[in-house]
Amino acid sequence: MYPSVTVDEAIKKGKRIVAIPVLCIMLGSFFLTALLYTQIEFSTRILVACLLGSFAMPWLYWSVMITRWRIWAFENVRNVHELKKRAIKEQLIWKDGSFFENTEIRTADRQKIQILQDKFKKPDVFIDDISVPGEILICYSARKAVFLLLMSLLIAGGATCLMSMKYTRIFSIALIGVALIMAYGAVKKMNNKLPQIILGNQGIQSATAKFYAWSEVVNEDVIAVQSGKTRRYFLVYNYPLGKQRIDIGPLNISRRRLEHLLRIYRGRVNGVKANH
């Protein structure tokens with residue numbers, strides 16, 4: 001008999017009781033500070049103190065509630081390795097030894113957390129998903145390509161309107177150039193019907209790498225790459241004498257779905273199934 005809470009359910013609860021309240025407290029604090037400052041003029045020192053409090057209050061809430069969630073989740077979820085990996089990806093918790101991980105308030109619960117570490121000595125149990133077929137072809141998303149094409153046309157149209165203005169002509173030409181590149185990329189993706197990734201029970205293949213059996217593949221994962229305010233997701237995996245890094249943004253699959261497929265196909269290959 002295994003705990004009844006799934007990894008997905010635990011992650012959803014973590015967002016509901018930790019991540020969302022933290023965001024609400026932070027935004028609410030900033031809004032309240034701005035509102036008070038417009039209504040009641042107070043010194044810069046008080047303003048700075050209020051702004052610091054807007055960071056301190058959500059941080060304090062997170063430090064307390066993430067410990068409570070951690071204990072509940074690790075007690076009730078069987079696959080704690082998968083849970084920990086997913087929680088780090090979802091930015092609910094931080095990697096072991098990091099500065100933020102050390103700010104969790106665990107004074108009263110340190111012994112419970114230490115006891116729960118014993119669960120990590122056991123391997124995760126694989127539970128198959130029968131809805132996942134033996135092979136899946138992942139292609140460019142026609143919907144995303146059409147959206148990109150429309151965006152490029154809007155940019156080109158706006159830039160054309162600016163051409164008549166004396167001091168924006170060079171800027172307009174540059175914008176039109178960007179729009180043309182975007183449009184070309186969108187049309188190219190719309191016309192490309194070939195699978196960019198093929199996943200299956202036997203192995204993995206991409207448009208730029210031949211088929212490799214799962215026994216030849218290591219470190220398959222979906223990683224996030226932050227560039228300014230933009231976050232992009234990539235499928236990465238290593239194979240003999242090489243590695244792949246594929247941007248899944250233009251593809252007809254979500255990050256969570258791809259992560260799920262990788263777990264299922266790897267689990268099937270390992271041949272470890274849960275006993276109910």
# chains A, B, ... in the order shown; residues from 1 in each chain; ligands from 1
$ closest_atom_pairs --of "stretch 216-260 of chain A" --to "stretch 66-89 of chain A" --cutoff "10 Å" --atoms "only C-alpha atoms" --output "tab-separated table"
residue	atom	partner	partner_atom	distance
A:Val222	CA	A:Lys89	CA	9.4
A:Ile223	CA	A:Lys89	CA	8.2
A:Ala224	CA	A:Lys89	CA	8.2
A:Arg256	CA	A:Arg86	CA	9.9
A:Glu259	CA	A:Arg86	CA	9.6
$ write_last_selection --atoms "all heavy atoms" --output "PDB file, in the first residue's frame"
ATOM      1  N   VAL A 222      13.939  18.152 -19.392  1.00  0.00           N
ATOM      2  CA  VAL A 222      13.468  19.416 -19.959  1.00  0.00           C
ATOM      3  C   VAL A 222      13.966  20.515 -19.038  1.00  0.00           C
ATOM      4  O   VAL A 222      13.625  20.541 -17.855  1.00  0.00           O
ATOM      5  CB  VAL A 222      11.929  19.457 -20.059  1.00  0.00           C
ATOM      6  CG1 VAL A 222      11.483  20.782 -20.660  1.00  0.00           C
ATOM      7  CG2 VAL A 222      11.416  18.293 -20.899  1.00  0.00           C
ATOM      8  N   ILE A 223      14.789  21.409 -19.568  1.00  0.00           N
ATOM      9  CA  ILE A 223      15.388  22.458 -18.745  1.00  0.00           C
ATOM     10  C   ILE A 223      14.842  23.825 -19.150  1.00  0.00           C
ATOM     11  O   ILE A 223      14.382  24.021 -20.279  1.00  0.00           O
ATOM     12  CB  ILE A 223      16.929  22.455 -18.860  1.00  0.00           C
ATOM     13  CG1 ILE A 223      17.368  22.786 -20.295  1.00  0.00           C
ATOM     14  CG2 ILE A 223      17.503  21.126 -18.412  1.00  0.00           C
ATOM     15  CD1 ILE A 223      18.845  23.063 -20.437  1.00  0.00           C
ATOM     16  N   ALA A 224      14.877  24.753 -18.204  1.00  0.00           N
ATOM     17  CA  ALA A 224      14.448  26.132 -18.459  1.00  0.00           C
ATOM     18  C   ALA A 224      15.676  27.016 -18.592  1.00  0.00           C
ATOM     19  O   ALA A 224      16.620  26.902 -17.810  1.00  0.00           O
ATOM     20  CB  ALA A 224      13.562  26.625 -17.324  1.00  0.00           C
ATOM     21  N   ARG A 256       5.352  20.284 -19.484  1.00  0.00           N
ATOM     22  CA  ARG A 256       4.904  19.260 -18.529  1.00  0.00           C
ATOM     23  C   ARG A 256       4.578  17.948 -19.230  1.00  0.00           C
ATOM     24  O   ARG A 256       4.866  16.870 -18.718  1.00  0.00           O
ATOM     25  CB  ARG A 256       3.696  19.775 -17.744  1.00  0.00           C
ATOM     26  CG  ARG A 256       4.039  20.873 -16.745  1.00  0.00           C
ATOM     27  CD  ARG A 256       2.853  21.210 -15.864  1.00  0.00           C
ATOM     28  NE  ARG A 256       3.188  22.232 -14.872  1.00  0.00           N
ATOM     29  CZ  ARG A 256       3.083  23.522 -15.070  1.00  0.00           C
ATOM     30  NH1 ARG A 256       2.624  23.960 -16.226  1.00  0.00           N
ATOM     31  NH2 ARG A 256       3.407  24.390 -14.124  1.00  0.00           N
ATOM     32  N   GLU A 259       7.851  16.238 -20.118  1.00  0.00           N
ATOM     33  CA  GLU A 259       8.449  15.653 -18.918  1.00  0.00           C
ATOM     34  C   GLU A 259       7.751  14.345 -18.552  1.00  0.00           C
ATOM     35  O   GLU A 259       8.390  13.359 -18.176  1.00  0.00           O
ATOM     36  CB  GLU A 259       8.358  16.634 -17.750  1.00  0.00           C
ATOM     37  CG  GLU A 259       9.307  17.817 -17.868  1.00  0.00           C
ATOM     38  CD  GLU A 259       9.106  18.836 -16.763  1.00  0.00           C
ATOM     39  OE1 GLU A 259       8.018  18.850 -16.153  1.00  0.00           O
ATOM     40  OE2 GLU A 259      10.033  19.627 -16.513  1.00  0.00           O
TER      41      GLU A 259
END
$ closest_residue --among "A:Gln117, A:Thr208, A:Ser63, A:Asn192" --to "A:Leu92" --atoms "only C-alpha atoms"
A:Ser63
$ select_by_dssp --residues "stretch 121-190 of chain A" --states "helix (DSSP H, G or I)" --output "ChimeraX atom specification"
/A:121,142-162,166-190
$ write_last_selection --atoms "C-alpha atoms" --output "compact mmCIF listing (two decimals), in the first residue's frame"
# COMPACT_ATOMS: atom_id res chain seq x y z
CA LYS A 121 17.03 5.68 0.37
CA ALA A 142 0.69 25.00 -36.73
CA ARG A 143 -1.19 27.18 -34.23
CA LYS A 144 2.02 28.71 -32.87
CA ALA A 145 3.36 29.25 -36.40
CA VAL A 146 0.17 31.05 -37.48
CA PHE A 147 0.36 33.26 -34.36
CA LEU A 148 4.00 34.11 -35.17
CA LEU A 149 3.04 34.96 -38.75
CA LEU A 150 0.23 37.26 -37.60
CA MET A 151 2.58 38.98 -35.16
CA SER A 152 5.12 39.56 -37.93
CA LEU A 153 2.42 41.07 -40.15
CA LEU A 154 1.30 43.41 -37.36
CA ILE A 155 4.89 44.51 -36.75
CA ALA A 156 5.43 45.07 -40.47
CA GLY A 157 2.16 47.04 -40.72
CA GLY A 158 3.06 49.24 -37.74
CA ALA A 159 6.56 49.84 -39.08
CA THR A 160 5.15 50.83 -42.49
CA CYS A 161 2.94 53.44 -40.83
CA LEU A 162 6.00 54.89 -39.09
CA LYS A 166 11.11 61.74 -40.61
CA TYR A 167 13.10 60.52 -37.62
CA THR A 168 11.76 56.95 -37.48
CA ARG A 169 12.56 55.78 -41.01
CA ILE A 170 15.68 53.79 -40.14
CA PHE A 171 13.96 52.28 -37.12
CA SER A 172 10.97 51.35 -39.31
CA ILE A 173 13.19 49.65 -41.88
CA ALA A 174 14.86 47.64 -39.11
CA LEU A 175 11.44 46.59 -37.76
CA ILE A 176 10.30 45.50 -41.21
CA GLY A 177 13.48 43.43 -41.52
CA VAL A 178 12.75 41.73 -38.20
CA ALA A 179 9.14 41.12 -39.26
CA LEU A 180 10.27 39.54 -42.55
CA ILE A 181 12.62 37.18 -40.69
CA MET A 182 9.81 36.24 -38.30
CA ALA A 183 7.41 35.65 -41.19
CA TYR A 184 9.93 33.51 -43.05
CA GLY A 185 10.50 31.37 -39.95
CA ALA A 186 6.75 31.00 -39.38
CA VAL A 187 6.03 29.94 -42.98
CA LYS A 188 8.96 27.52 -42.90
CA LYS A 189 7.59 25.86 -39.75
CA MET A 190 4.05 25.73 -41.19
$ atom_distance --atom1 "atom CA of A:Phe30" --atom2 "atom CA of A:Leu52"
9.8 Å
$ atom_distance --atom1 "atom CA of A:Phe234" --atom2 "atom CA of A:Ile17"
28.7 Å
